[in-house]
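J.: Let me begin by handing over the structure; questions about it come next.
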There are 2 protein chains.
Amino acid sequence: MNKRVCGVDIGGTTVKLALFDGETLLDKWEIPTRTENRGSAILQDVAQSVRDHCSPDAVGVGVPGPVSESGIVSSTANLGWDSPVDLSGTLGETLGVPVVTANDANVAALGEMWHGAGRGHDSIVMLTLGTGLGGGVVIRGEILAGANGAGGEIGHIHIDDDEKDFCGCGNQGCLEQYVSATGMVRLARKHAVYRDRSDLTAREVWDAVKAGEGAAIETASVWGRILAKGMAIIAAVVDPELFVIGGGMSKAGPVILDYLTAAYRQYAYRATKDTGIVLATLGNDAGVYGCAKLALDRL
Amino acid sequence: MNKRVCGVDIGGTTVKLALFDGETLLDKWEIPTRTENRGSAILQDVAQSVRDHCSPDAVGVGVPGPVSESGIVSSTANLGWDSPVDLSGTLGETLGVPVVTANDANVAALGEMWHGAGRGHDSIVMLTLGTGLGGGVVIRGEILAGANGAGGEIGHIHIDDDEKDFCGCGNQGCLEQYVSATGMVRLARKHAVYRDRSDLTAREVWDAVKAGEGAAIETASVWGRILAKGMAIIAAVVDPELFVIGGGMSKAGPVILDYLTAAYRQYAYRATKDTGIVLATLGNDAGVYGCAKLALDRL
């Protein structure tokens with residue numbers, strides 16, 4: 001008989017939940033994330049919602065913050081948590097089943113490997129291009145969480161010595177400052193045509209790329225070269241079988257790969273030049289898939 | 001009863017061999033590496049030498065070239081091998097025991113983790129500063145070999161867009177071009193006092209640093225900042241518990257860490273700022289220790 005597991009992807013505004021019977025998705029639902037009172041209700045809400053819907057054999061949880069190898073969640077501003085949380089321990093005790101916790105970008109990578117663009121592989125790097133740049137490294141089927149929960153924090157690869165602006169992390173010249181949606185808008189606004197457009201979005205830039213507009217195309221070229229450089233660096237460290245590009249920006253579609261793949265081949269170390277680069281396929285569901293896989297792997 | 005294993009570290013001029021009884025080193029010896037005739041005698045020589053000395057339960061082998069997860073050695077110029085070699089299969093058949101093969105920089109990392117500076121850790125990155133810059137990544141006690149055997153090829157992290165000289169790999173601006181022994185000499189020779197010194201060595205530069213000479217100290221500062229930047233990048237990808245600095249240049253001693261540690265703390269992503277940085281302790285024996293550990297892990 002298949003094991004039943006529940007995937008719980010905790011985001012800053014919504015918690016996505018899904019019930020799986022082995023490999024099969026049975027049900028999907030959402031609850032709001034109550035971040036008030038330092039997020040003190042979040043885990044109770046999750047436990048209640050899981051109990052109302054199902055009796056899983058195990059639960060996998062993704063959170064938008066660093067999670068150590070031992071499953072401790074660091075303070076996570078997005079959820080209102082201002083001190084470390086033993087999420088697996090607390091929720092596991094409440095529910096009476098094993099709970100496994102990991103970072104949200106890492107579980108998304110695991111989800112894409114299990115049922116998405118990375119199917120058939122067991123070592124991938126996923127880049128999540130949204131407001132920031134998240135990353136997930138999966139090696140031999142397992143998330144590389146890192147000693148401090150910073151495994152796959154590829155948004156903070158140092159890429160430019162001459163940067164004057166600060167990254168949210170406090171450093172200067174992080175990859176995220178150029179290639180996230182916010183970063184791409186920053187690159188675009190160096191062009192006269194976009195300079196005064198404080199409401200510019202990455203989506204609009206990509207639409208303009210598709211329409212053949214010069215400043216947008218130049219922006220995409222610079223964006224592609226910088227991200228490709230970051231990916232070449234990642235390949236020289238972990239040499240994955242495949243790169244998977246996800247997050248909101250990936251909705252711009254295959255045009256992204258036009259600006260990325262050739263530049264990657266140029267910068268990559270020779271043994272890694274042919275590594276595949278593909279778009280994610282699970283969209284916002286990557287997280288709950290990855291959480292479910294985490295839980296299944298624990299059983 | 002302990003298992004007996006043999007570690008075989010194949011270098012370009014010498015093959016180092018060692019016999020272990022479980023954790024205990026019993027014997028160490030060397031044979032020349034016969035690279036003539038496209039290195040066709042190397043594996044026979046190794047098999048003969050192992051048989052003459054011992055009857056191990058398993059053998060671990062390190063080679064100076066990329067080795068895939070499945071144990072295939074790519075063409076390895078240093079050994080005269082001009083096509084891929086199924087080393088584990090060939091040697092395993094000859095000796096009648098399991099043979100495990102990995103890249104030499106990777107086995108050195110495993111050796112340092114097992115019996116050297118990384119003892120007590122299970123996730124480390126070792127940097128081998130020699131003629132080139134080798135790297136080994138060990139995660140959860142296992143070598144990260146990579147899909148193309150390029151895991152830990154940190155010498156080829158792209159670090160400078162403006163480099164005019166080419167790296168041996170064919171790219172420009174690789175980390176190795178600045179921080180290997182050769183790279184450090186190249187940095188030093190930008191100073192008038194060293195410009196005409198075609199026989200300059202990194203050892204001499206470090207001696208001059210210890211003697212307080214200005215140009216050498218400036219060279220060491222630049223060297224430290226560049227290597228620190230590379231290590232900060234590595235930490236944002238794999239977040240190891242510890243960095244271990246080995247290779248010939250590490251013989252300069254703790255002065256190396258003076259130029260490395262502070263710069264690393266500056267560039268590192270916040271969660272990884274406190275990662276330890278230590279000097280390797282096994283010297284040239286790191287390889288045979290790592291090979292033995294590989295073999296023990298297979299049994």
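Here, A, B, ... name the chains of the structure tokens in the order displayed, residue numbers run from 1 inside each chain, and ligands are numbered from 1 in the same displayed order.
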Can you list every residue in region 120-179 of chain B that DSSP puts in helix (DSSP H, G or I), as a PyMOL selection string?
T.: chain B and resi 154-156+176-179
J.: Taking the backbone alone, and naming residues the way the document does, which bits of region 54-295 of chain B are strand (DSSP E) by DSSP, as a PyMOL selection string?
T.: chain B and resi 58-63+99-103+124-129+133-139+142-143+242-246+276-279
J.: Env of Ala105 (chain B): 6 Å cut, atoms = only C-alpha atoms, seq-sep filter 6 positions within chain, self excluded. Answer as a VMD selection string.
T.: chain B and resid 134 to 136
J.: How would the residues just chosen look if you wrote them out with N, CA and C atoms as a short mmCIF file (atom, residue, chain, number, x, y, z; two decimals), in the first residue's frame?
T.:
data_model
loop_
_atom_site.label_atom_id
_atom_site.label_comp_id
_atom_site.auth_asym_id
_atom_site.auth_seq_id
_atom_site.Cartn_x
_atom_site.Cartn_y
_atom_site.Cartn_z
N GLY B 134 43.50 23.11 -7.30
CA GLY B 134 42.55 22.00 -7.29
C GLY B 134 41.54 22.19 -6.19
N GLY B 135 40.44 21.49 -6.29
CA GLY B 135 39.44 21.60 -5.24
C GLY B 135 38.75 20.28 -5.03
N GLY B 136 38.31 20.06 -3.80
CA GLY B 136 37.54 18.86 -3.49
C GLY B 136 36.39 19.24 -2.58
#
J.: Taking a cut-off of 6 Å and counting only C-alpha atoms, can you build a table that, for each residue of chain B near chain A, reports the nearest atom pair and how far apart they are in Å (one decimal), sorted by chain then residue number, as a tab-separated table?
T.:
residue	atom	partner	partner_atom	distance
B:Gly146	CA	A:Asp239	CA	4.6
B:Ala147	CA	A:Glu241	CA	5.3
B:Ala150	CA	A:Asp239	CA	5.6
B:Gly151	CA	A:Val238	CA	4.6
B:Gly152	CA	A:Val237	CA	4.6
B:Glu153	CA	A:Ala236	CA	5.0
B:Ile154	CA	A:Ala236	CA	5.6
B:Ile157	CA	A:Ile233	CA	4.9
B:Ile233	CA	A:Ile157	CA	4.9
B:Ala236	CA	A:Glu153	CA	5.0
B:Val237	CA	A:Gly152	CA	4.6
B:Val238	CA	A:Gly151	CA	4.7
B:Asp239	CA	A:Gly146	CA	4.6
B:Pro240	CA	A:Ala147	CA	5.6
B:Glu241	CA	A:Ala147	CA	5.3
J.: Using the selection just defined, write its residues with N, CA and C atoms as a compact mmCIF listing (two decimals), in the first residue's frame.
T.:
# COMPACT_ATOMS: atom_id res chain seq x y z
N GLY B 146 30.37 15.06 -9.35
CA GLY B 146 29.73 15.84 -10.41
C GLY B 146 29.38 15.00 -11.63
N ALA B 147 28.40 15.50 -12.39
CA ALA B 147 27.87 14.76 -13.54
C ALA B 147 28.95 14.51 -14.59
N ALA B 150 33.44 17.14 -12.90
CA ALA B 150 33.96 18.49 -12.68
C ALA B 150 33.53 19.08 -11.34
N GLY B 151 32.98 18.27 -10.45
CA GLY B 151 32.65 18.75 -9.10
C GLY B 151 33.93 19.21 -8.42
N GLY B 152 33.90 20.36 -7.79
CA GLY B 152 35.09 20.87 -7.11
C GLY B 152 36.16 21.43 -8.03
N GLU B 153 35.84 21.68 -9.30
CA GLU B 153 36.83 22.28 -10.21
C GLU B 153 36.88 23.78 -9.98
N ILE B 154 37.13 24.15 -8.74
CA ILE B 154 37.00 25.53 -8.32
C ILE B 154 38.11 26.42 -8.88
N ILE B 157 36.47 28.64 -11.53
CA ILE B 157 35.47 29.66 -11.22
C ILE B 157 35.87 30.94 -11.94
N ILE B 233 32.09 32.66 -2.77
CA ILE B 233 31.21 32.13 -3.81
C ILE B 233 30.91 30.66 -3.55
N ALA B 236 28.43 30.17 -0.86
CA ALA B 236 27.05 30.48 -1.23
C ALA B 236 26.43 29.37 -2.08
N VAL B 237 27.22 28.44 -2.52
CA VAL B 237 26.68 27.31 -3.30
C VAL B 237 26.55 26.07 -2.42
N VAL B 238 27.64 25.68 -1.72
CA VAL B 238 27.58 24.42 -0.97
C VAL B 238 27.65 24.58 0.56
N ASP B 239 27.96 25.79 1.05
CA ASP B 239 27.94 26.08 2.49
C ASP B 239 28.58 24.96 3.33
N PRO B 240 29.91 24.76 3.18
CA PRO B 240 30.56 23.69 3.94
C PRO B 240 30.74 24.08 5.40
N GLU B 241 31.05 23.08 6.23
CA GLU B 241 31.35 23.37 7.64
C GLU B 241 32.72 24.02 7.78
J.: So which one's closest to Gly80 (chain B), B:Asp104, B:Gly11, B:Thr128, B:Glu23? Using only C-alpha atoms, please.
T.: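 Closest candidate: B:Gly11.
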J.: Got a sec: who's within 9 Å of region 113-120 of chain B, counting only C-alpha atoms, leaving out chain neighbours fewer than 4 positions off, as a ChimeraX atom specification?
T.: /B:23,108-109,124,138,141,242-244,278-282,286,289-290,293
J.: Since we have the selection now, will you write its residues out, keeping all heavy atoms, as a CSV table (one decimal), in the first residue's frame?
T.:
chain,number,residue,atom,x,y,z
B,23,GLU,N,41.3,1.8,10.3
B,23,GLU,CA,41.7,3.2,10.4
B,23,GLU,C,43.2,3.4,10.5
B,23,GLU,O,43.8,4.5,10.4
B,23,GLU,CB,41.1,3.9,11.7
B,23,GLU,CG,39.6,3.9,11.7
B,23,GLU,CD,39.1,5.3,11.5
B,23,GLU,OE1,39.8,6.3,11.7
B,23,GLU,OE2,37.9,5.4,11.0
B,108,ALA,N,42.0,13.8,-1.8
B,108,ALA,CA,42.8,14.6,-0.8
B,108,ALA,C,41.8,15.2,0.2
B,108,ALA,O,42.0,15.2,1.4
B,108,ALA,CB,43.6,15.7,-1.4
B,109,ALA,N,40.7,15.8,-0.3
B,109,ALA,CA,39.7,16.4,0.6
B,109,ALA,C,39.1,15.3,1.5
B,109,ALA,O,39.0,15.5,2.8
B,109,ALA,CB,38.6,17.0,-0.2
B,124,ILE,N,33.1,19.4,4.0
B,124,ILE,CA,34.3,20.3,3.9
B,124,ILE,C,34.6,20.6,2.4
B,124,ILE,O,34.2,19.9,1.5
B,124,ILE,CB,35.6,19.8,4.5
B,124,ILE,CG1,36.2,18.6,3.7
B,124,ILE,CG2,35.3,19.4,6.0
B,124,ILE,CD1,37.6,18.3,4.1
B,138,VAL,N,33.4,17.7,-0.2
B,138,VAL,CA,32.9,16.5,0.4
B,138,VAL,C,31.6,16.9,1.1
B,138,VAL,O,31.6,17.9,1.9
B,138,VAL,CB,33.9,15.9,1.4
B,138,VAL,CG1,33.3,14.7,2.1
B,138,VAL,CG2,35.2,15.5,0.7
B,141,GLY,N,30.0,13.4,4.0
B,141,GLY,CA,31.0,12.3,4.0
B,141,GLY,C,31.3,11.7,2.7
B,141,GLY,O,32.2,10.8,2.6
B,242,LEU,N,33.6,23.7,6.8
B,242,LEU,CA,35.0,24.0,7.0
B,242,LEU,C,35.7,24.1,5.6
B,242,LEU,O,35.4,23.4,4.7
B,242,LEU,CB,35.7,22.9,7.8
B,242,LEU,CG,37.1,23.1,8.3
B,242,LEU,CD1,37.1,24.1,9.4
B,242,LEU,CD2,37.7,21.8,8.7
B,243,PHE,N,36.6,25.1,5.5
B,243,PHE,CA,37.5,25.1,4.4
B,243,PHE,C,38.9,24.6,4.8
B,243,PHE,O,39.4,25.1,5.9
B,243,PHE,CB,37.7,26.6,3.8
B,243,PHE,CG,36.6,27.1,3.0
B,243,PHE,CD1,35.7,28.0,3.6
B,243,PHE,CD2,36.4,26.7,1.7
B,243,PHE,CE1,34.6,28.5,2.9
B,243,PHE,CE2,35.3,27.2,1.0
B,243,PHE,CZ,34.4,28.1,1.5
B,244,VAL,N,39.5,23.8,4.1
B,244,VAL,CA,40.9,23.3,4.4
B,244,VAL,C,41.8,23.7,3.2
B,244,VAL,O,41.5,23.4,2.1
B,244,VAL,CB,40.9,21.7,4.5
B,244,VAL,CG1,42.3,21.2,4.7
B,244,VAL,CG2,39.9,21.3,5.6
B,278,VAL,N,41.1,26.5,7.8
B,278,VAL,CA,42.3,25.9,8.4
B,278,VAL,C,43.3,25.3,7.4
B,278,VAL,O,42.9,25.1,6.3
B,278,VAL,CB,41.9,24.8,9.4
B,278,VAL,CG1,41.0,25.3,10.5
B,278,VAL,CG2,41.2,23.6,8.7
B,279,LEU,N,44.5,25.1,7.9
B,279,LEU,CA,45.5,24.5,7.0
B,279,LEU,C,45.4,23.0,7.0
B,279,LEU,O,45.1,22.4,8.1
B,279,LEU,CB,46.9,25.0,7.4
B,279,LEU,CG,47.3,26.5,7.2
B,279,LEU,CD1,48.7,26.8,7.8
B,279,LEU,CD2,47.2,26.9,5.8
B,280,ALA,N,45.7,22.4,5.9
B,280,ALA,CA,45.7,20.9,5.8
B,280,ALA,C,46.8,20.4,6.7
B,280,ALA,O,47.8,21.1,7.0
B,280,ALA,CB,45.9,20.5,4.4
B,281,THR,N,46.7,19.2,7.2
B,281,THR,CA,47.7,18.6,8.1
B,281,THR,C,48.4,17.3,7.5
B,281,THR,O,49.4,16.9,8.0
B,281,THR,CB,47.2,18.3,9.4
B,281,THR,OG1,46.1,17.3,9.3
B,281,THR,CG2,46.6,19.5,10.1
B,282,LEU,N,47.9,16.7,6.5
B,282,LEU,CA,48.4,15.4,6.0
B,282,LEU,C,49.5,15.6,4.9
B,282,LEU,O,50.1,14.6,4.6
B,282,LEU,CB,47.3,14.5,5.5
B,282,LEU,CG,46.2,14.1,6.6
B,282,LEU,CD1,45.2,13.2,5.9
B,282,LEU,CD2,46.9,13.3,7.7
B,286,ALA,N,47.7,13.1,2.1
B,286,ALA,CA,46.2,13.2,2.1
B,286,ALA,C,45.6,12.3,1.0
B,286,ALA,O,44.5,11.7,1.3
B,286,ALA,CB,45.8,14.7,1.8
B,289,TYR,N,45.4,8.6,2.1
B,289,TYR,CA,44.3,8.5,3.2
B,289,TYR,C,42.9,8.5,2.5
B,289,TYR,O,42.1,7.7,2.9
B,289,TYR,CB,44.5,9.6,4.2
B,289,TYR,CG,45.4,9.3,5.3
B,289,TYR,CD1,46.8,9.7,5.3
B,289,TYR,CD2,45.0,8.6,6.5
B,289,TYR,CE1,47.6,9.4,6.3
B,289,TYR,CE2,45.9,8.3,7.5
B,289,TYR,CZ,47.2,8.7,7.4
B,289,TYR,OH,48.0,8.4,8.4
B,290,GLY,N,42.7,9.4,1.7
B,290,GLY,CA,41.4,9.6,1.0
B,290,GLY,C,41.1,8.3,0.2
B,290,GLY,O,39.9,7.9,0.2
B,293,LYS,N,40.0,5.6,2.5
B,293,LYS,CA,38.6,5.9,3.0
B,293,LYS,C,37.6,5.5,2.0
B,293,LYS,O,36.5,4.9,2.3
B,293,LYS,CB,38.5,7.4,3.4
B,293,LYS,CG,37.2,7.8,3.9
B,293,LYS,CD,36.8,7.2,5.3
B,293,LYS,CE,35.6,7.8,5.9
B,293,LYS,NZ,34.6,6.8,6.3
J.: Which one is closest to Glu176 (chain A): A:Leu133, A:Val193, A:Leu91, A:Ala188? Count only C-alpha atoms.
T.: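 Using only C-alpha atoms, Glu176 (chain A) sits closest to A:Leu133.
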J.: What is the distance between CA of Asp52 (chain B) and CA of Gly12 (chain B), in Å to one decimal?
T.: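 Calculated distance between CA of Asp52 (chain B) and CA of Gly12 (chain B) is 22.1 Å.
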J.: As a ChimeraX atom specification, please: the residues near Gly89 (chain A) (cut-off 12 Å, only C-alpha atoms, same-chain neighbours under 6 positions excluded).
T.: /A:43,59,61,70-73,95-101
J.: Suppose you want the space between CA of Leu260 (chain A) and CA of Gly224 (chain A); what is it in Å?
T.: 4.7 Å
J.: With only C-alpha atoms as the counted atoms, please give the residues lying no more than 6 Å from Asp9 (chain A), apart from itself and same-chain residues fewer than 6 positions off, as a PyMOL selection string.
T.: chain A and resi 15-16+61-62+287-288
J.: Would you mind listing what lies within 9 Å of Gly130 (chain B) as an NGL selection string, with only C-alpha atoms counted and same-chain residues fewer than 2 positions away left out?
T.: :B and (128 or 132-134 or 180-182 or 246-250)
J.: Could you state the separation of CA of Leu296 (chain A) and CA of Gly111 (chain A) in Å, given to one decimal place?
T.: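 Separation of CA of Leu296 (chain A) and CA of Gly111 (chain A): 12.0 Å.
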